[in-house]
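Q: Just query30.txt, nothing more (compact mmCIF, C-alpha atoms):
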```txt
# COMPACT_ATOMS: atom_id res chain seq x y z
CA MET K 27 -12.01 86.37 64.01
CA HIS K 28 -10.69 84.93 67.29
CA ILE K 29 -10.53 86.83 70.56
CA GLY K 30 -7.78 85.70 72.93
CA PHE K 31 -6.86 86.26 76.56
CA VAL K 32 -3.35 86.26 78.01
CA GLY K 33 -4.00 85.22 81.59
CA GLY K 34 -7.27 83.67 80.55
CA THR K 35 -8.13 81.87 83.77
CA GLY K 36 -8.92 84.90 85.97
CA ILE K 37 -12.31 86.50 86.61
CA GLU K 38 -11.72 89.44 84.23
CA ALA K 39 -11.07 87.07 81.31
CA MET K 40 -14.00 84.86 82.34
CA GLY K 41 -16.37 87.81 82.40
CA LEU K 42 -15.28 89.15 79.01
CA ALA K 43 -15.25 85.64 77.51
CA LEU K 44 -18.80 85.14 78.75
CA ARG K 45 -19.97 88.34 77.07
CA PHE K 46 -18.15 87.64 73.80
CA THR K 47 -19.21 84.00 73.47
CA ALA K 48 -22.81 84.99 74.25
CA ALA K 49 -22.53 87.33 71.25
CA GLY K 50 -21.37 84.41 69.09
CA ALA K 51 -17.66 85.23 68.98
CA SER K 52 -14.88 82.64 69.06
CA VAL K 53 -12.73 82.90 72.20
CA ILE K 54 -9.43 81.34 73.25
CA LEU K 55 -8.32 81.35 76.88
CA GLY K 56 -4.53 81.41 77.15
CA SER K 57 -2.45 80.48 80.17
CA ARG K 58 1.21 79.79 80.96
CA SER K 59 0.00 76.27 81.70
CA PRO K 60 -2.00 74.74 78.80
CA GLU K 61 -3.54 72.25 81.27
CA ARG K 62 -4.89 75.09 83.38
CA ALA K 63 -6.31 76.80 80.27
CA VAL K 64 -8.05 73.61 79.16
CA ARG K 65 -9.50 73.11 82.64
CA ALA K 66 -10.72 76.75 82.72
CA ALA K 67 -12.45 76.17 79.37
CA GLU K 68 -14.11 73.01 80.74
CA ASP K 69 -15.28 74.90 83.85
CA PHE K 70 -16.61 77.63 81.59
CA HIS K 71 -18.66 75.17 79.53
CA SER K 72 -20.03 73.34 82.56
CA LYS K 73 -21.08 76.67 84.08
CA PHE K 74 -22.41 78.47 81.02
CA GLY K 75 -23.15 75.72 78.48
CA PRO K 76 -21.47 75.00 75.14
CA SER K 77 -19.85 77.88 73.22
CA LEU K 78 -17.03 78.67 70.79
CA LEU K 79 -14.39 78.72 73.54
CA CYS K 80 -11.26 76.67 74.17
CA GLY K 81 -8.10 76.82 76.25
CA MET K 82 -4.43 76.51 75.25
CA SER K 83 -0.98 77.92 76.05
CA ASN K 84 -0.51 81.67 75.80
CA GLN K 85 1.92 81.09 72.92
CA ASP K 86 -0.54 79.02 70.86
CA MET K 87 -3.34 81.46 71.63
CA ILE K 88 -1.23 84.41 70.43
CA GLU K 89 -0.53 82.50 67.19
CA SER K 90 -4.27 82.07 66.62
CA CYS K 91 -5.92 85.38 67.59
CA GLU K 92 -6.37 88.77 65.97
CA ILE K 93 -7.46 90.60 69.12
CA ILE K 94 -5.69 89.73 72.35
CA PHE K 95 -6.79 90.94 75.78
CA LEU K 96 -4.20 91.29 78.49
CA THR K 97 -6.02 90.08 81.61
CA VAL K 98 -3.16 89.37 83.98
CA PRO K 99 -2.80 91.25 87.31
CA PHE K 100 -1.53 94.80 86.63
CA SER K 101 1.85 94.16 88.23
CA GLU K 102 2.53 91.20 85.92
CA ALA K 103 1.42 92.89 82.71
CA LEU K 104 4.74 94.43 81.66
CA HIS K 105 6.76 91.30 82.33
CA THR K 106 4.16 89.12 80.56
CA VAL K 107 4.13 91.28 77.43
CA ALA K 108 7.92 91.37 77.43
CA ALA K 109 8.05 87.55 77.64
CA TYR K 110 5.86 87.12 74.55
CA GLN K 111 6.91 90.18 72.58
CA ASN K 112 8.51 88.22 69.73
CA LEU K 113 5.23 86.43 69.07
CA PHE K 114 3.10 89.52 68.40
CA LYS K 115 2.60 90.52 64.79
CA PRO K 116 1.69 93.91 63.31
CA HIS K 117 -1.83 92.86 62.27
CA GLN K 118 -2.71 92.00 65.86
CA VAL K 119 -4.33 94.32 68.38
CA LEU K 120 -3.47 94.06 72.06
CA VAL K 121 -6.03 95.33 74.56
CA ASP K 122 -4.89 96.33 78.04
CA VAL K 123 -7.55 96.18 80.76
CA THR K 124 -5.23 96.42 83.80
CA VAL K 125 -5.64 98.90 86.66
CA PRO K 126 -2.67 99.76 88.89
CA LEU K 127 -3.90 100.20 92.45
CA ALA K 128 -2.91 99.62 96.03
CA PHE K 129 -4.94 99.51 99.21
CA ARG K 130 -4.00 101.87 102.02
CA ALA K 131 -5.90 101.26 105.26
CA GLY K 132 -8.59 99.46 103.29
CA TYR K 133 -9.02 102.35 100.85
CA PRO K 134 -8.13 101.78 97.18
CA GLU K 135 -5.64 104.28 95.76
CA TYR K 136 -4.32 104.74 92.26
CA LEU K 137 -0.74 103.59 92.08
CA ASP K 138 1.07 106.43 90.37
CA GLN K 139 3.99 105.25 88.23
CA GLU K 140 5.87 108.49 87.58
CA GLY K 141 2.82 109.98 85.91
CA MET K 142 2.50 107.17 83.35
CA SER K 143 -0.48 104.89 82.93
CA ASN K 144 0.06 101.14 83.03
CA ALA K 145 -1.11 101.08 79.41
CA GLU K 146 1.64 103.47 78.29
CA ILE K 147 4.25 101.47 80.19
CA ILE K 148 3.11 98.24 78.53
CA ALA K 149 2.97 99.85 75.07
CA ARG K 150 6.68 100.60 75.26
CA ALA K 151 7.46 96.87 75.59
CA LEU K 152 5.64 95.94 72.37
CA PRO K 153 7.43 95.52 69.03
CA ALA K 154 7.06 98.48 66.67
CA GLY K 155 3.83 98.28 64.70
CA VAL K 156 1.85 96.25 67.25
CA PRO K 157 -0.74 98.71 68.54
CA LEU K 158 -1.90 98.77 72.16
CA THR K 159 -5.42 99.86 72.99
CA ALA K 160 -6.73 100.44 76.51
CA ALA K 161 -10.34 99.46 77.16
CA PHE K 162 -12.71 97.84 79.64
CA LYS K 163 -10.65 99.23 82.52
CA THR K 164 -13.70 100.83 84.15
CA ILE K 165 -16.12 97.88 84.01
CA PRO K 166 -16.05 95.65 87.09
CA ALA K 167 -15.18 92.00 86.43
CA ALA K 168 -17.98 90.95 88.78
CA VAL K 169 -20.57 92.59 86.53
CA LEU K 170 -19.10 91.12 83.33
CA ALA K 171 -19.10 87.66 84.90
CA ASP K 172 -22.74 87.89 85.99
CA ARG K 173 -24.70 86.67 82.99
CA ASP K 174 -27.94 88.16 84.29
CA SER K 175 -26.59 91.73 84.64
CA GLU K 176 -27.29 93.99 81.71
CA LEU K 177 -24.33 96.34 81.42
CA HIS K 178 -26.08 99.66 80.61
CA CYS K 179 -22.79 101.54 80.51
CA ASN K 180 -20.01 102.79 78.27
CA VAL K 181 -16.69 101.22 77.51
CA PHE K 182 -14.01 103.87 77.04
CA VAL K 183 -11.45 102.94 74.39
CA CYS K 184 -8.20 104.84 73.93
CA GLY K 185 -5.08 104.30 71.85
CA ASP K 186 -2.72 105.89 69.37
CA SER K 187 -3.73 103.71 66.40
CA GLU K 188 -7.09 104.79 65.02
CA GLU K 189 -7.45 101.47 63.16
CA ALA K 190 -6.81 99.36 66.24
CA LYS K 191 -9.21 101.52 68.26
CA ALA K 192 -11.92 101.04 65.65
CA GLU K 193 -11.39 97.26 65.73
CA VAL K 194 -11.68 97.13 69.52
CA MET K 195 -14.77 99.34 69.43
CA ALA K 196 -16.34 97.02 66.84
CA VAL K 197 -15.62 93.98 69.02
CA ALA K 198 -16.94 95.75 72.14
CA SER K 199 -20.15 96.65 70.34
CA LEU K 200 -20.92 92.94 69.95
CA ILE K 201 -21.93 93.08 73.64
CA PRO K 202 -25.54 94.20 74.16
CA SER K 203 -26.26 97.36 76.20
CA LEU K 204 -22.61 98.39 76.07
CA ARG K 205 -21.73 101.48 74.03
CA PRO K 206 -18.08 101.95 73.12
CA LEU K 207 -16.72 105.50 73.12
CA ASP K 208 -13.54 106.74 71.49
CA ALA K 209 -11.80 108.36 74.47
CA GLY K 210 -8.76 109.63 72.53
CA PRO K 211 -5.03 108.81 72.53
CA LEU K 212 -3.38 106.18 74.74
CA GLN K 213 -2.42 108.85 77.26
CA VAL K 214 -6.08 109.01 78.30
CA ALA K 215 -5.49 105.67 80.03
CA ARG K 216 -4.19 107.86 82.90
CA THR K 217 -7.78 109.00 83.31
CA LEU K 218 -9.42 105.61 82.71
CA GLU K 219 -7.22 103.80 85.23
CA ARG K 220 -8.03 106.38 87.90
CA MET K 221 -11.74 106.12 87.05
CA ALA K 222 -11.54 102.37 87.64
CA VAL K 223 -10.07 103.00 91.10
CA LEU K 224 -12.83 105.53 91.81
CA ALA K 225 -15.47 102.95 90.85
CA ILE K 226 -13.88 100.45 93.27
CA ALA K 227 -13.84 103.09 96.03
CA LEU K 228 -17.51 103.92 95.38
CA ASN K 229 -18.37 100.21 95.52
CA ARG K 230 -16.76 99.98 98.95
CA LYS K 231 -18.31 103.21 100.20
CA TYR K 232 -21.83 102.31 99.07
CA LYS K 233 -21.49 98.54 99.65
CA ARG K 234 -22.09 97.55 96.04
CA LYS K 235 -20.11 95.60 93.48
CA GLY K 236 -21.13 96.87 90.09
CA ALA K 237 -20.40 100.62 89.91
CA ARG K 238 -19.63 101.57 86.32
CA PHE K 239 -19.73 104.70 84.19
CA ARG K 240 -22.32 105.81 81.72
CA MET K 241 -22.19 109.10 79.87
CA GLU K 242 -25.33 111.17 79.86
CA GLY K 243 -25.89 113.75 77.11
CA LEU K 244 -23.69 112.03 74.54
CA MET V 9 -27.93 129.61 104.45
CA HIS V 10 -26.32 131.63 101.67
CA ILE V 11 -24.39 130.16 98.76
CA GLY V 12 -21.72 132.43 97.32
CA PHE V 13 -19.55 132.52 94.21
CA VAL V 14 -16.06 133.98 93.95
CA GLY V 15 -15.88 134.91 90.30
CA GLY V 16 -19.64 134.98 90.13
CA THR V 17 -20.06 136.52 86.69
CA GLY V 18 -18.86 133.58 84.57
CA ILE V 19 -20.96 130.82 83.00
CA GLU V 20 -20.05 128.19 85.64
CA ALA V 21 -21.34 130.43 88.45
CA MET V 22 -24.41 131.39 86.39
CA GLY V 23 -25.30 127.76 85.79
CA LEU V 24 -24.92 126.72 89.43
CA ALA V 25 -26.75 129.87 90.61
CA LEU V 26 -29.61 129.05 88.28
CA ARG V 27 -29.91 125.54 89.71
CA PHE V 28 -29.63 126.68 93.34
CA THR V 29 -32.08 129.58 93.06
CA ALA V 30 -34.54 127.32 91.24
CA ALA V 31 -34.37 125.10 94.34
CA GLY V 32 -35.19 128.09 96.54
CA ALA V 33 -31.70 128.78 97.88
CA SER V 34 -30.27 132.24 98.51
CA VAL V 35 -27.33 133.03 96.24
CA ILE V 36 -24.74 135.82 96.18
CA LEU V 37 -22.63 136.47 93.10
CA GLY V 38 -19.24 137.92 94.05
CA SER V 39 -16.85 139.79 91.78
CA ARG V 40 -13.70 141.88 92.13
CA SER V 41 -15.89 144.71 90.83
CA PRO V 42 -19.14 145.15 92.83
CA GLU V 43 -20.65 146.98 89.85
CA ARG V 44 -20.02 143.99 87.62
CA ALA V 45 -21.57 141.67 90.22
CA VAL V 46 -24.69 143.85 90.50
CA ARG V 47 -25.01 143.95 86.72
CA ALA V 48 -24.63 140.15 86.51
CA ALA V 49 -27.42 139.79 89.08
CA GLU V 50 -29.66 142.13 87.04
CA ASP V 51 -28.94 140.14 83.87
CA PHE V 52 -29.75 136.97 85.77
CA HIS V 53 -33.13 138.31 86.91
CA SER V 54 -34.07 139.64 83.49
CA LYS V 55 -33.19 136.28 81.93
CA PHE V 56 -34.62 133.90 84.52
CA GLY V 57 -37.12 135.96 86.52
CA PRO V 58 -37.04 137.07 90.15
CA SER V 59 -35.11 134.96 92.68
CA LEU V 60 -33.12 135.16 95.93
CA LEU V 61 -29.96 136.31 94.16
CA CYS V 62 -27.85 139.44 94.42
CA GLY V 63 -24.40 140.69 93.46
CA MET V 64 -21.66 142.35 95.53
CA SER V 65 -17.88 142.44 95.96
CA ASN V 66 -16.08 139.16 96.62
CA GLN V 67 -15.14 140.46 100.09
CA ASP V 68 -18.72 141.27 101.10
CA MET V 69 -19.94 137.97 99.65
CA ILE V 70 -17.34 136.01 101.66
CA GLU V 71 -18.53 137.84 104.83
CA SER V 72 -22.12 136.73 104.16
CA CYS V 73 -21.93 133.13 102.94
CA GLU V 74 -21.49 129.73 104.54
CA ILE V 75 -20.73 127.82 101.34
CA ILE V 76 -18.53 129.50 98.78
CA PHE V 77 -17.91 128.19 95.29
CA LEU V 78 -14.68 129.04 93.58
CA THR V 79 -15.73 129.66 89.98
CA VAL V 80 -12.78 131.57 88.58
CA PRO V 81 -10.69 130.22 85.67
CA PHE V 82 -8.42 127.41 86.95
CA SER V 83 -5.25 129.41 86.46
CA GLU V 84 -6.55 132.25 88.66
CA ALA V 85 -7.85 130.07 91.48
CA LEU V 86 -4.72 129.88 93.61
CA HIS V 87 -3.98 133.58 93.40
CA THR V 88 -7.64 134.45 94.11
CA VAL V 89 -7.83 132.26 97.22
CA ALA V 90 -4.52 133.65 98.42
CA ALA V 91 -5.82 137.22 98.00
CA TYR V 92 -8.87 136.56 100.20
CA GLN V 93 -7.38 134.03 102.60
CA ASN V 94 -7.67 136.27 105.66
CA LEU V 95 -11.42 136.59 105.13
CA PHE V 96 -12.26 132.88 105.29
CA LYS V 97 -13.44 131.53 108.63
CA PRO V 98 -13.38 127.95 109.98
CA HIS V 99 -17.17 127.50 109.75
CA GLN V 100 -17.11 128.18 106.03
CA VAL V 101 -16.81 125.57 103.31
CA LEU V 102 -15.02 126.37 100.08
CA VAL V 103 -15.92 124.38 96.98
CA ASP V 104 -13.45 124.12 94.13
CA VAL V 105 -14.93 123.41 90.70
CA THR V 106 -11.87 124.28 88.58
CA VAL V 107 -10.35 122.04 85.89
CA PRO V 108 -6.74 122.55 84.81
CA LEU V 109 -6.50 121.91 81.08
CA ALA V 110 -4.73 123.05 77.96
CA PHE V 111 -5.51 122.58 74.30
CA ARG V 112 -2.89 120.96 72.11
CA ALA V 113 -3.71 120.99 68.39
CA GLY V 114 -7.38 121.47 69.28
CA TYR V 115 -7.42 118.49 71.63
CA PRO V 116 -8.03 119.11 75.36
CA GLU V 117 -5.37 117.69 77.67
CA TYR V 118 -5.16 117.57 81.43
CA LEU V 119 -2.56 120.00 82.66
CA ASP V 120 -0.43 117.97 85.04
CA GLN V 121 0.93 120.07 87.90
CA GLU V 122 3.63 117.78 89.33
CA GLY V 123 1.04 115.11 90.03
CA MET V 124 -1.14 117.40 92.19
CA SER V 125 -4.74 118.30 91.48
CA ASN V 126 -5.70 121.96 91.31
CA ALA V 127 -7.89 121.34 94.37
CA GLU V 128 -4.94 120.14 96.44
CA ILE V 129 -2.85 123.11 95.34
CA ILE V 130 -5.62 125.53 96.32
CA ALA V 131 -6.22 123.78 99.67
CA ARG V 132 -2.65 124.56 100.70
CA ALA V 133 -3.34 128.29 100.38
CA LEU V 134 -6.29 128.24 102.78
CA PRO V 135 -5.99 129.11 106.47
CA ALA V 136 -5.90 126.09 108.81
CA GLY V 137 -9.40 124.89 109.63
CA VAL V 138 -11.08 126.14 106.45
CA PRO V 139 -11.94 122.95 104.58
CA LEU V 140 -11.77 122.66 100.81
CA THR V 141 -14.12 120.35 98.98
CA ALA V 142 -13.92 119.54 95.27
CA ALA V 143 -17.22 119.07 93.45
CA PHE V 144 -19.10 119.79 90.23
CA LYS V 145 -15.87 119.50 88.25
CA THR V 146 -17.36 116.96 85.86
CA ILE V 147 -20.64 118.71 85.02
CA PRO V 148 -20.48 120.99 81.96
CA ALA V 149 -21.36 124.63 82.64
CA ALA V 150 -23.44 124.66 79.45
CA VAL V 151 -25.75 122.00 80.86
CA LEU V 152 -26.09 123.72 84.24
CA ALA V 153 -26.92 127.00 82.53
CA ASP V 154 -29.64 125.46 80.36
CA ARG V 155 -32.75 125.61 82.49
CA ASP V 156 -34.56 123.05 80.34
CA SER V 157 -31.89 120.34 80.68
CA GLU V 158 -32.53 117.79 83.38
CA LEU V 159 -29.15 116.77 84.75
CA HIS V 160 -29.64 112.98 85.20
CA CYS V 161 -26.11 112.53 86.47
CA ASN V 162 -23.92 112.30 89.55
CA VAL V 163 -21.91 115.01 91.22
CA PHE V 164 -18.71 113.58 92.69
CA VAL V 165 -17.70 115.25 95.94
CA CYS V 166 -14.30 114.75 97.54
CA GLY V 167 -12.47 116.32 100.45
CA ASP V 168 -10.59 115.62 103.65
CA SER V 169 -13.26 117.06 106.00
CA GLU V 170 -16.19 114.65 106.32
CA GLU V 171 -18.38 117.43 107.73
CA ALA V 172 -17.68 119.82 104.87
CA LYS V 173 -18.26 117.05 102.36
CA ALA V 174 -21.62 116.24 103.94
CA GLU V 175 -22.61 119.92 103.75
CA VAL V 176 -21.70 120.18 100.07
CA MET V 177 -23.54 116.95 99.32
CA ALA V 178 -26.62 118.29 101.12
CA VAL V 179 -26.50 121.50 99.09
CA ALA V 180 -25.96 119.56 95.85
CA SER V 181 -28.96 117.37 96.58
CA LEU V 182 -31.19 120.46 96.43
CA ILE V 183 -30.83 120.19 92.66
CA PRO V 184 -33.35 117.78 91.10
CA SER V 185 -32.10 114.74 89.16
CA LEU V 186 -28.58 115.20 90.50
CA ARG V 187 -27.27 112.57 92.91
CA PRO V 188 -24.22 113.50 94.97
CA LEU V 189 -21.65 110.76 95.64
CA ASP V 190 -18.94 110.76 98.28
CA ALA V 191 -15.86 110.14 96.13
CA GLY V 192 -13.36 110.05 99.02
CA PRO V 193 -10.46 112.25 100.14
CA LEU V 194 -9.34 115.45 98.39
CA GLN V 195 -6.67 113.55 96.50
CA VAL V 196 -9.45 112.03 94.36
CA ALA V 197 -9.68 115.46 92.69
CA ARG V 198 -6.80 114.13 90.53
CA THR V 199 -9.32 111.71 89.08
CA LEU V 200 -12.25 114.15 88.90
CA GLU V 201 -10.26 116.84 87.09
CA ARG V 202 -9.11 114.31 84.50
CA MET V 203 -12.68 113.05 84.09
CA ALA V 204 -13.78 116.61 83.34
CA VAL V 205 -11.17 116.85 80.58
CA LEU V 206 -12.35 113.49 79.21
CA ALA V 207 -15.93 114.77 79.10
CA ILE V 208 -14.77 117.84 77.15
CA ALA V 209 -12.82 115.61 74.75
CA LEU V 210 -15.88 113.38 74.25
CA ASN V 211 -18.03 116.46 73.58
CA ARG V 212 -15.61 117.52 70.85
CA LYS V 213 -15.31 114.03 69.38
CA TYR V 214 -19.07 113.42 69.26
CA LYS V 215 -20.07 117.05 68.57
CA ARG V 216 -22.12 117.49 71.73
CA LYS V 217 -21.97 119.88 74.66
CA GLY V 218 -23.43 118.10 77.64
CA ALA V 219 -21.41 114.93 78.28
CA ARG V 220 -21.52 114.10 81.99
CA PHE V 221 -21.05 111.04 84.18
CA ARG V 222 -23.64 108.85 85.75
CA MET V 223 -22.84 105.76 87.77
CA GLU V 224 -24.76 102.63 86.91
CA GLY V 225 -25.11 99.87 89.52
CA LEU V 226 -24.71 102.14 92.53
```
Please lay out the structure from this file as structure tokens.
A:
Amino acid sequence: MHIGFVGGTGIEAMGLALRFTAAGASVILGSRSPERAVRAAEDFHSKFGPSLLCGMSNQDMIESCEIIFLTVPFSEALHTVAAYQNLFKPHQVLVDVTVPLAFRAGYPEYLDQEGMSNAEIIARALPAGVPLTAAFKTIPAAVLADRDSELHCNVFVCGDSEEAKAEVMAVASLIPSLRPLDAGPLQVARTLERMAVLAIALNRKYKRKGARFRMEGL
Amino acid sequence: MHIGFVGGTGIEAMGLALRFTAAGASVILGSRSPERAVRAAEDFHSKFGPSLLCGMSNQDMIESCEIIFLTVPFSEALHTVAAYQNLFKPHQVLVDVTVPLAFRAGYPEYLDQEGMSNAEIIARALPAGVPLTAAFKTIPAAVLADRDSELHCNVFVCGDSEEAKAEVMAVASLIPSLRPLDAGPLQVARTLERMAVLAIALNRKYKRKGARFRMEGL
């Protein structure tokens, strides 16, 4: 199985790629520019050592992967998915990690989009039969990208396809000290995206970088 | 300082009262019926032993308390606050713990009220100068009411009055193994109320009763 990233050169993709390759998974970083993807893969290897990771165009990556993470900035997610929508196939699972937010006077606020989560908006742009799952929204990229940080938290996974959700939970459970939780239907992304903004606000308030959620009593 | 409860005979009030009296605080259970409040206080003493707790009418309780928790069902909160609004004074702090939710086919869903949190809706009904703080929304009543459960979680406190928020956080920190966090302005109640519904959904999914949130890395 290959795990791919659309927008694979950003810190979110880097952090997840680091965790997945450390667990022995095969990872492909995608980018609009294949050169940039190849360079990101080279940087990755020089920083973290050799691993099953390479870079290529988003199109080629989509051809090659079963699970594809959408790690572009939230405002580009819809347009990016729309651009590649003819390439996605029903056996693939797309994972949305984006968080719509805006800063007002230095304070992060959830960007309400007529009551809809970014995940639900993106899901509408996918061909019928390609399931969208939302996950990893609440885990800071800075923590994922820090090899020495144990995660000690939960990853909340939601989506309307039980099969796709189970696949994403299985992939997430490759990462040590991370427990995936089935958070329900895709609509729950409205909660998860707001939780991510809360974590960012708490980081700023308490001058930390790694605030993340862990369920007690579960 | 006296801590009061409007709607003091339900399980949410009982759980919080148990935690506050165990910490040595003075608690007053309020009810529309003073007889019911007195009976609830007697039940409390026979179950948990003697403590600084008594029952009286909501009106008398509001006269006597500095911090007042609103522990009525979410759908009654607005009407209850409106009924007593002339009794609240500017030095008092009201704490809203309500969670607007509905069950659809056995699955708990957040009840969206035109994008507003229940806390914001209630705040509008208060006289000018009486601050509303939202807190304890995400901690299950069943856990609070179980004397033998250590909480090991965070209580998220939000509100537009920094002073009121600090007071509620100070009161919350009386409870052992509970760390209060300043979650920001009252608008963040939109996040906290949804998180409470997520915790309930996770309890149902994983057949538990005590799911609650704890921040890692903070």
Q: Rounded to one decimal place, report the CA of Leu86 (chain V)-CA of Ala191 (chain V) distance in Å.
A: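 Value for the CA of Leu86 (chain V)-CA of Ala191 (chain V) distance: 22.8 Å.
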Q: Just checking: using all atoms listed in the file, which residue out of K:Thr164, K:Ala215, K:Gln111, K:Val125 ends up closest to Arg150 (chain K)?
A: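 Looking at the shortest contact to Arg150 (chain K), the residue is K:Gln111.
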Q: Mind checking which residues fall within 6 Å of region 61-77 of chain V, counting only C-alpha atoms, ignoring those fewer than 4 positions away in the same chain, and posting them as a PyMOL selection string?
A: chain V and resi 10-14+34-42+45-46+49+100-103
Q: Against chain K, which residues of chain V fall within 6 Å? For each one I want the closest pair of atoms and the distance in Å (one decimal), counting only C-alpha atoms, rows by chain and increasing residue number, as a Markdown table.
A:
```
| residue | atom | partner | partner_atom | distance |
| --- | --- | --- | --- | --- |
| V:Thr199 | CA | K:Arg220 | CA | 5.6 |
| V:Arg202 | CA | K:Thr217 | CA | 5.6 |
| V:Gly218 | CA | K:Gly243 | CA | 5.0 |
| V:Ala219 | CA | K:Gly243 | CA | 4.8 |
| V:Arg220 | CA | K:Glu242 | CA | 5.3 |
| V:Phe221 | CA | K:Met241 | CA | 4.9 |
| V:Arg222 | CA | K:Arg240 | CA | 5.2 |
| V:Met223 | CA | K:Phe239 | CA | 4.9 |
| V:Glu224 | CA | K:Arg238 | CA | 5.3 |
| V:Gly225 | CA | K:Ala237 | CA | 4.8 |
| V:Leu226 | CA | K:Ala237 | CA | 5.3 |
```
Q: Between CA of Pro157 (chain K) and CA of Leu119 (chain V), what is the distance in Å, rounded to a tenth?
A: 25.6 Å
Q: Do you have the CA of Pro98 (chain V)-CA of Gly18 (chain V) distance handy?
A: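 Result for CA of Pro98 (chain V) versus CA of Gly18 (chain V): 26.6 Å, one decimal.
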Q: Between K:Arg65, K:Leu78, K:Leu204, K:Pro126, which is the closest to Ser101 (chain K) once you count all atoms listed in the file?
A: K:Pro126
Q: V:Ser185, V:Val163, V:Met22, V:Met124: which is nearest Glu50 (chain V), counting all atoms listed in the file?
A: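 Of all the options, V:Met22 lies closest to Glu50 (chain V).
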Q: Once 6 Å is added on each side, what are the centre and the three edge lengths, in Å to one decimal, of the axis-aligned box enclosing the listed atoms of region 35-48 of chain K? Present them as lines of an AutoDock Vina configuration file.
A:
```
center_x = -15.5
center_y = 85.7
center_z = 80.0
size_x = 26.7
size_y = 19.6
size_z = 25.1
```
Q: Counting all atoms listed in the file, what is within 9 Å of Phe46 (chain K), bar same-chain residues fewer than 2 positions away, as a VMD selection string?
A: chain K and resid 29 41 to 44 48 to 53 197 to 198 200 to 201
Q: Could you check the closest approach to Leu109 (chain V) for each of V:Ile208, V:Thr141, V:Val89, V:Glu158 and tell me which residue wins, using all atoms listed in the file?
A: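 So, comparing all the options, the nearest one is V:Ile208.
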